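J.: Shown below is the structure under consideration.
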Amino acid sequence: MQEPLSRDALELIERLITFDTTSSRSNLELINFVAQWLQSHDIAVTLIHDADGNKANLIAEFGPKDAPAILVSGHSDVVPADPADWSVTQPFVPRRHQGRLYGRGSADMKGFIGIALNSLVKARHRLQRNAVVLALSFDEELGCLGAPLMLPHLRLQEHRLRGAIIGEPTPMRIGNAHKGHVAMRATVHGVGGHSGYPERGVNAIDVAAGLVLEIRRLAEEKRLNTPPDHRFDPPWSTVHTGLIQGGSALNKIPERCQLDFEMRTLPGQDSEEVLSRLSAAYPQAMPTPIQALAEQARLELECVGQYPQLDEQRQGYINWLAALAQCDSNPVALGFGCEAGLLASLGIPALICGPGSIHQAHLPDEYIEFDQLERCEAFFSRLIDALDDELPTFE
């Protein structure tokens, strides 16, 4: 029978939920709270700020400084929440209700972070033979923008890191693969003017429409011509235009149009293929009615965020973590991406395992079941027990 969730862990999770760490806002209030709480328990903390100083990553170390270590990772930011869409509670007002904890971030992923923090602080004096490095990032939801700033610091510890656990919601199953992601932006600069004389200008929206068609063609090619990887749903790389902004008034020729688009790639595929495709296609391959306009316009292409794929196959680490999670050792490929691919670039095995469901994570009335939190707390208890023994080298 599963032990009930400890009261102090639940209260800490609820406290974390009260911080509005929507990605568009600063996360410093939460990060400073966690840092001060850890330091009050004599835990060494390092903060790594963004260029503006408005956001920060946090790295905390538990156990001997030079001992072999497991990296535990989570992100502090959450997706936006409109209070008008919520009925059980308000987004940043945690509520216990019918075996669930409601609140934005409860599943993704403050539940995991609260359990990790509480469990590791309680075990800090037990960790004598091995260590845990806890890494909390910002702006994961915007394309893993914060984690890359932590990598130089973590590479200084590369020699002792044996593996990474990323606590994204997987109902405490083992995830060993996810697609890569690259977010891109195309900006078309045309020539403005009065809409009554369209031939005297260059309509940037018309040119951008040609780019959308080219992006769509690449998406179809990936769907039809790429060897499928049936671990994923869908089993091909996807390309998608998600946002278009252009023009300022109906009676003006739009002189600027911006497209935001993305590519989610299977392991082993080039995530920046779409950028090189558009660069090569512009303006010659634009649809015939648009080509002349495209020749008069100027195109800017840029990558605004990316993270690599994950495809972890080291069975020894998979088996070790599955035993701690008491779950099936046959891992699953995940339909969402996260920071695991970035952390795998440290050369260590990286797996995803955390409480809750991704299908609740971004919805109104986000919740996590208490049973999931209890399973996660038991997982950390077994992890700490395992760190009393010699930590394997997972080849």
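Every chain in the structure tokens has a letter given in the order shown (A, B, ...), and although residue numbers restart at 1 in each chain, ligands are simply numbered from 1 in the order shown.
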How close does each residue of region 90-189 of chain A get to region 287-310 of chain A, giving the shortest atom pair and distance in Å to one decimal for every residue with an atom at most 10 Å away, counting only C-alpha atoms, sorted by chain and residue number, as JSON lines?

T.:
{"residue": "A:Glu140", "atom": "CA", "partner": "A:Tyr307", "partner_atom": "CA", "distance": 9.9}
{"residue": "A:Leu142", "atom": "CA", "partner": "A:Gly305", "partner_atom": "CA", "distance": 7.8}
{"residue": "A:Gly143", "atom": "CA", "partner": "A:Gly305", "partner_atom": "CA", "distance": 5.6}
{"residue": "A:Cys144", "atom": "CA", "partner": "A:Tyr307", "partner_atom": "CA", "distance": 6.6}
{"residue": "A:Leu145", "atom": "CA", "partner": "A:Gly305", "partner_atom": "CA", "distance": 6.7}
{"residue": "A:Ala147", "atom": "CA", "partner": "A:Tyr307", "partner_atom": "CA", "distance": 9.7}
{"residue": "A:Pro148", "atom": "CA", "partner": "A:Tyr307", "partner_atom": "CA", "distance": 9.1}
{"residue": "A:Gly175", "atom": "CA", "partner": "A:Leu310", "partner_atom": "CA", "distance": 9.6}
{"residue": "A:Asn176", "atom": "CA", "partner": "A:Leu310", "partner_atom": "CA", "distance": 6.9}
{"residue": "A:Ala177", "atom": "CA", "partner": "A:Leu310", "partner_atom": "CA", "distance": 4.7}
{"residue": "A:His178", "atom": "CA", "partner": "A:Leu310", "partner_atom": "CA", "distance": 5.1}
{"residue": "A:Lys179", "atom": "CA", "partner": "A:Gln309", "partner_atom": "CA", "distance": 4.8}
{"residue": "A:Gly180", "atom": "CA", "partner": "A:Gln309", "partner_atom": "CA", "distance": 3.8}
{"residue": "A:His181", "atom": "CA", "partner": "A:Gln306", "partner_atom": "CA", "distance": 5.4}
{"residue": "A:Val182", "atom": "CA", "partner": "A:Gln306", "partner_atom": "CA", "distance": 4.1}
{"residue": "A:Ala183", "atom": "CA", "partner": "A:Gly305", "partner_atom": "CA", "distance": 5.1}
{"residue": "A:Met184", "atom": "CA", "partner": "A:Cys303", "partner_atom": "CA", "distance": 4.4}
{"residue": "A:Arg185", "atom": "CA", "partner": "A:Glu302", "partner_atom": "CA", "distance": 5.4}
{"residue": "A:Ala186", "atom": "CA", "partner": "A:Leu301", "partner_atom": "CA", "distance": 4.7}
{"residue": "A:Thr187", "atom": "CA", "partner": "A:Glu300", "partner_atom": "CA", "distance": 5.1}
{"residue": "A:Val188", "atom": "CA", "partner": "A:Leu299", "partner_atom": "CA", "distance": 4.7}
{"residue": "A:His189", "atom": "CA", "partner": "A:Arg298", "partner_atom": "CA", "distance": 5.0}

J.: Write the residues of the selection above to a file with N, CA and C atoms, as a PDB file, in the first residue's frame.

T.:
ATOM      1  N   GLU A 140      11.173  27.194 -20.010  1.00  0.00           N
ATOM      2  CA  GLU A 140      11.077  25.926 -20.746  1.00  0.00           C
ATOM      3  C   GLU A 140       9.895  25.956 -21.698  1.00  0.00           C
ATOM      4  N   LEU A 142       8.723  28.264 -23.407  1.00  0.00           N
ATOM      5  CA  LEU A 142       8.948  29.101 -24.582  1.00  0.00           C
ATOM      6  C   LEU A 142       9.962  28.494 -25.544  1.00  0.00           C
ATOM      7  N   GLY A 143      10.349  27.252 -25.292  1.00  0.00           N
ATOM      8  CA  GLY A 143      11.316  26.597 -26.172  1.00  0.00           C
ATOM      9  C   GLY A 143      12.638  26.320 -25.505  1.00  0.00           C
ATOM     10  N   CYS A 144      12.608  26.078 -24.181  1.00  0.00           N
ATOM     11  CA  CYS A 144      13.818  25.728 -23.430  1.00  0.00           C
ATOM     12  C   CYS A 144      14.872  26.827 -23.540  1.00  0.00           C
ATOM     13  N   LEU A 145      14.479  28.061 -23.226  1.00  0.00           N
ATOM     14  CA  LEU A 145      15.387  29.199 -23.370  1.00  0.00           C
ATOM     15  C   LEU A 145      16.320  29.366 -22.180  1.00  0.00           C
ATOM     16  N   ALA A 147      17.474  26.817 -19.895  1.00  0.00           N
ATOM     17  CA  ALA A 147      18.394  25.714 -19.602  1.00  0.00           C
ATOM     18  C   ALA A 147      19.760  25.861 -20.268  1.00  0.00           C
ATOM     19  N   PRO A 148      19.859  26.350 -21.518  1.00  0.00           N
ATOM     20  CA  PRO A 148      21.197  26.486 -22.113  1.00  0.00           C
ATOM     21  C   PRO A 148      22.153  27.345 -21.297  1.00  0.00           C
ATOM     22  N   GLY A 175      10.207   7.867 -19.811  1.00  0.00           N
ATOM     23  CA  GLY A 175      10.260   8.364 -21.180  1.00  0.00           C
ATOM     24  C   GLY A 175      11.708   8.477 -21.622  1.00  0.00           C
ATOM     25  N   ASN A 176      12.039   7.872 -22.752  1.00  0.00           N
ATOM     26  CA  ASN A 176      13.438   7.876 -23.198  1.00  0.00           C
ATOM     27  C   ASN A 176      13.646   8.584 -24.525  1.00  0.00           C
ATOM     28  N   ALA A 177      12.584   9.142 -25.109  1.00  0.00           N
ATOM     29  CA  ALA A 177      12.741   9.775 -26.416  1.00  0.00           C
ATOM     30  C   ALA A 177      11.715  10.888 -26.575  1.00  0.00           C
ATOM     31  N   HIS A 178      12.138  11.956 -27.204  1.00  0.00           N
ATOM     32  CA  HIS A 178      11.203  12.995 -27.635  1.00  0.00           C
ATOM     33  C   HIS A 178      11.744  13.651 -28.891  1.00  0.00           C
ATOM     34  N   LYS A 179      10.873  14.292 -29.626  1.00  0.00           N
ATOM     35  CA  LYS A 179      11.284  14.987 -30.838  1.00  0.00           C
ATOM     36  C   LYS A 179      12.078  16.244 -30.497  1.00  0.00           C
ATOM     37  N   GLY A 180      12.888  16.675 -31.469  1.00  0.00           N
ATOM     38  CA  GLY A 180      13.536  17.968 -31.353  1.00  0.00           C
ATOM     39  C   GLY A 180      12.593  19.069 -31.785  1.00  0.00           C
ATOM     40  N   HIS A 181      12.957  20.299 -31.511  1.00  0.00           N
ATOM     41  CA  HIS A 181      12.082  21.426 -31.832  1.00  0.00           C
ATOM     42  C   HIS A 181      12.922  22.637 -32.214  1.00  0.00           C
ATOM     43  N   VAL A 182      12.507  23.313 -33.249  1.00  0.00           N
ATOM     44  CA  VAL A 182      13.114  24.594 -33.585  1.00  0.00           C
ATOM     45  C   VAL A 182      11.996  25.569 -33.910  1.00  0.00           C
ATOM     46  N   ALA A 183      12.017  26.729 -33.266  1.00  0.00           N
ATOM     47  CA  ALA A 183      11.056  27.800 -33.524  1.00  0.00           C
ATOM     48  C   ALA A 183      11.732  28.844 -34.405  1.00  0.00           C
ATOM     49  N   MET A 184      11.051  29.238 -35.462  1.00  0.00           N
ATOM     50  CA  MET A 184      11.648  30.119 -36.460  1.00  0.00           C
ATOM     51  C   MET A 184      10.734  31.291 -36.767  1.00  0.00           C
ATOM     52  N   ARG A 185      11.337  32.326 -37.309  1.00  0.00           N
ATOM     53  CA  ARG A 185      10.585  33.532 -37.661  1.00  0.00           C
ATOM     54  C   ARG A 185      11.025  34.026 -39.027  1.00  0.00           C
ATOM     55  N   ALA A 186      10.055  34.328 -39.861  1.00  0.00           N
ATOM     56  CA  ALA A 186      10.306  34.944 -41.168  1.00  0.00           C
ATOM     57  C   ALA A 186       9.659  36.322 -41.163  1.00  0.00           C
ATOM     58  N   THR A 187      10.431  37.338 -41.497  1.00  0.00           N
ATOM     59  CA  THR A 187       9.911  38.698 -41.583  1.00  0.00           C
ATOM     60  C   THR A 187      10.070  39.195 -43.008  1.00  0.00           C
ATOM     61  N   VAL A 188       8.955  39.549 -43.634  1.00  0.00           N
ATOM     62  CA  VAL A 188       8.953  40.077 -45.001  1.00  0.00           C
ATOM     63  C   VAL A 188       8.832  41.591 -44.926  1.00  0.00           C
ATOM     64  N   HIS A 189       9.761  42.274 -45.572  1.00  0.00           N
ATOM     65  CA  HIS A 189       9.734  43.730 -45.656  1.00  0.00           C
ATOM     66  C   HIS A 189       9.335  44.126 -47.071  1.00  0.00           C
TER      67      HIS A 189
END

J.: Quick one: everything within 12 Å of His230 (chain A), counting only C-alpha atoms, minus sequence neighbours fewer than 4 positions away in the same chain. Send it as an MDAnalysis selection string.

T.: chainID A and resid 177 226 234:237 266:267 332:335

J.: Quick one: of A:Arg126, A:Arg375, A:Arg160, A:Arg25, who's nearest to Pro355 (chain A), counting only C-alpha atoms?

T.: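 Counting only C-alpha atoms, the residue closest to Pro355 (chain A) is A:Arg375.
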
J.: Which residues are near Asp50 (chain A)? Cut-off 8 Å, only C-alpha atoms, ignore same chain within fewer than 4 positions. Put them as a PyMOL selection string.

T.: chain A and resi 54-56+146+149

J.: Pull N, CA and C atoms from the residues just selected and write them as an mmCIF file, in the first residue's frame.

T.:
data_model
loop_
_atom_site.group_PDB
_atom_site.id
_atom_site.type_symbol
_atom_site.label_atom_id
_atom_site.label_comp_id
_atom_site.auth_asym_id
_atom_site.auth_seq_id
_atom_site.Cartn_x
_atom_site.Cartn_y
_atom_site.Cartn_z
ATOM 1 N N ASN A 54 15.920 39.566 -15.166
ATOM 2 C CA ASN A 54 14.523 39.423 -14.754
ATOM 3 C C ASN A 54 14.130 37.984 -14.449
ATOM 4 N N LYS A 55 14.964 37.039 -14.858
ATOM 5 C CA LYS A 55 14.666 35.624 -14.632
ATOM 6 C C LYS A 55 15.944 34.923 -14.214
ATOM 7 N N ALA A 56 15.778 33.764 -13.591
ATOM 8 C CA ALA A 56 16.963 33.047 -13.134
ATOM 9 C C ALA A 56 16.727 31.551 -13.116
ATOM 10 N N GLY A 146 15.907 28.918 -20.999
ATOM 11 C CA GLY A 146 16.728 29.124 -19.814
ATOM 12 C C GLY A 146 17.793 28.067 -19.600
ATOM 13 N N LEU A 149 21.623 28.303 -20.518
ATOM 14 C CA LEU A 149 22.493 29.134 -19.687
ATOM 15 C C LEU A 149 23.092 28.343 -18.533
#

J.: If we count only C-alpha atoms, what is near His359 (chain A) at a cut-off of 12 Å, once residues fewer than 3 positions away on the same chain are taken out, given as a list in words?

T.: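 Everything that qualifies: Ala107, Asp108, Glu168, Pro169, Thr170, Pro171, Leu334, Gly335, Phe336, Gly356, His362, Leu363, Pro364, Asp365, Glu366, Tyr367 and Ile368 of chain A.
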
J.: Which residue out of A:Ile318, A:Leu324, A:Leu38, A:Ala361 has the minimum interatomic distance to Asn118 (chain A) when only C-alpha atoms are used?

T.: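 Distance minimum relative to Asn118 (chain A) lands on A:Leu38.
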
J.: Set the distance at 10 Å and use only C-alpha atoms: which residues neighbour Ser119 (chain A) once local chain neighbours fewer than 3 positions away are removed? I'd like the list as a PDB file with C-alpha atoms, in the first residue's frame.

T.:
ATOM      1  CA  SER A   6       3.684  13.916   3.597  1.00  0.00           C
ATOM      2  CA  ASP A   8       5.158  19.288   4.449  1.00  0.00           C
ATOM      3  CA  ALA A   9       5.644  18.194   0.820  1.00  0.00           C
ATOM      4  CA  ILE A 113       9.675  20.213  -7.904  1.00  0.00           C
ATOM      5  CA  GLY A 114       8.003  20.373  -4.492  1.00  0.00           C
ATOM      6  CA  ILE A 115       8.516  16.647  -3.897  1.00  0.00           C
ATOM      7  CA  ALA A 116      12.144  16.867  -5.033  1.00  0.00           C
ATOM      8  CA  LYS A 122      15.089  15.905   4.463  1.00  0.00           C
ATOM      9  CA  ALA A 123      17.820  13.558   3.200  1.00  0.00           C
ATOM     10  CA  ARG A 124      20.652  16.100   3.086  1.00  0.00           C
ATOM     11  CA  GLU A 377       7.579  10.839  -3.109  1.00  0.00           C
ATOM     12  CA  ALA A 378       8.110   7.073  -2.826  1.00  0.00           C
ATOM     13  CA  PHE A 379      10.343   7.258  -5.917  1.00  0.00           C
ATOM     14  CA  PHE A 380      12.554   9.866  -4.224  1.00  0.00           C
ATOM     15  CA  SER A 381      12.709   7.741  -1.089  1.00  0.00           C
ATOM     16  CA  LEU A 383      16.414   7.101  -5.026  1.00  0.00           C
ATOM     17  CA  ILE A 384      17.925   8.314  -1.766  1.00  0.00           C
TER      18      ILE A 384
END

J.: Rounded to one decimal place, report the CA of Leu136 (chain A)-CA of Asp311 (chain A) distance in Å.

T.: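 These two atoms are separated by 22.3 Å.
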
J.: Just asking: which residues within region 195-380 of chain A are strand (DSSP E) according to DSSP, as a ChimeraX atom specification?

T.: /A:238-246,252-253,256-265,298-307,310-311,332-334,350-352,367-369

J.: Atoms to include: C-alpha atoms. Write the selected residues as a PDB file, in the first residue's frame.

T.:
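Contents of result_13.pdb, freshly written:
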ATOM      1  CA  THR A 238       6.016  17.985 -38.414  1.00  0.00           C
ATOM      2  CA  VAL A 239       6.185  21.540 -39.757  1.00  0.00           C
ATOM      3  CA  HIS A 240       3.615  24.113 -38.714  1.00  0.00           C
ATOM      4  CA  THR A 241       2.911  27.850 -39.115  1.00  0.00           C
ATOM      5  CA  GLY A 242       1.455  29.085 -35.845  1.00  0.00           C
ATOM      6  CA  LEU A 243       1.357  32.859 -35.949  1.00  0.00           C
ATOM      7  CA  ILE A 244       1.099  35.578 -38.603  1.00  0.00           C
ATOM      8  CA  GLN A 245       1.181  39.312 -37.964  1.00  0.00           C
ATOM      9  CA  GLY A 246       1.058  41.967 -40.660  1.00  0.00           C
ATOM     10  CA  LYS A 252      -2.828  50.583 -46.481  1.00  0.00           C
ATOM     11  CA  ILE A 253      -0.494  48.268 -48.383  1.00  0.00           C
ATOM     12  CA  ARG A 256       5.754  44.250 -43.068  1.00  0.00           C
ATOM     13  CA  CYS A 257       4.576  40.740 -42.225  1.00  0.00           C
ATOM     14  CA  GLN A 258       5.960  38.301 -39.684  1.00  0.00           C
ATOM     15  CA  LEU A 259       5.488  34.531 -39.609  1.00  0.00           C
ATOM     16  CA  ASP A 260       6.326  32.308 -36.648  1.00  0.00           C
ATOM     17  CA  PHE A 261       6.652  28.637 -37.544  1.00  0.00           C
ATOM     18  CA  GLU A 262       8.169  25.493 -36.101  1.00  0.00           C
ATOM     19  CA  MET A 263       9.598  22.118 -36.967  1.00  0.00           C
ATOM     20  CA  ARG A 264       9.460  19.108 -34.635  1.00  0.00           C
ATOM     21  CA  THR A 265      11.965  16.541 -35.796  1.00  0.00           C
ATOM     22  CA  ARG A 298      13.335  41.606 -48.455  1.00  0.00           C
ATOM     23  CA  LEU A 299      13.191  38.439 -46.351  1.00  0.00           C
ATOM     24  CA  GLU A 300      14.757  37.938 -42.902  1.00  0.00           C
ATOM     25  CA  LEU A 301      14.941  34.419 -41.459  1.00  0.00           C
ATOM     26  CA  GLU A 302      15.968  33.632 -37.887  1.00  0.00           C
ATOM     27  CA  CYS A 303      15.872  30.859 -35.326  1.00  0.00           C
ATOM     28  CA  VAL A 304      14.247  32.098 -32.106  1.00  0.00           C
ATOM     29  CA  GLY A 305      14.610  28.965 -29.987  1.00  0.00           C
ATOM     30  CA  GLN A 306      15.422  25.290 -30.231  1.00  0.00           C
ATOM     31  CA  TYR A 307      16.252  22.146 -28.354  1.00  0.00           C
ATOM     32  CA  LEU A 310      16.297  12.789 -27.150  1.00  0.00           C
ATOM     33  CA  ASP A 311      16.822   9.117 -27.943  1.00  0.00           C
ATOM     34  CA  VAL A 332       7.925   5.260 -24.016  1.00  0.00           C
ATOM     35  CA  ALA A 333       8.573   7.943 -26.629  1.00  0.00           C
ATOM     36  CA  LEU A 334       6.878  11.188 -25.700  1.00  0.00           C
ATOM     37  CA  ALA A 350      18.865  11.374 -19.535  1.00  0.00           C
ATOM     38  CA  LEU A 351      15.384  10.028 -18.877  1.00  0.00           C
ATOM     39  CA  ILE A 352      12.021  11.659 -18.218  1.00  0.00           C
ATOM     40  CA  TYR A 367      -4.675  19.186 -11.560  1.00  0.00           C
ATOM     41  CA  ILE A 368      -2.540  16.344 -10.326  1.00  0.00           C
ATOM     42  CA  GLU A 369      -3.856  13.308  -8.476  1.00  0.00           C
TER      43      GLU A 369
END

J.: Taking the DSSP secondary structure from the backbone, can you list the residues of region 78-300 of chain A that are alpha helix (DSSP H), as a ChimeraX atom specification?

T.: /A:111-122,147-155,204-225,273-281,288-296

J.: For Gly167 (chain A), which residue out of A:Ala340, A:Ser26, A:Leu16, A:Leu278 is the nearest one, using only C-alpha atoms?

T.: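 Going through A:Ala340, A:Ser26, A:Leu16, A:Leu278 one by one, the smallest distance to Gly167 (chain A) is for A:Ala340.
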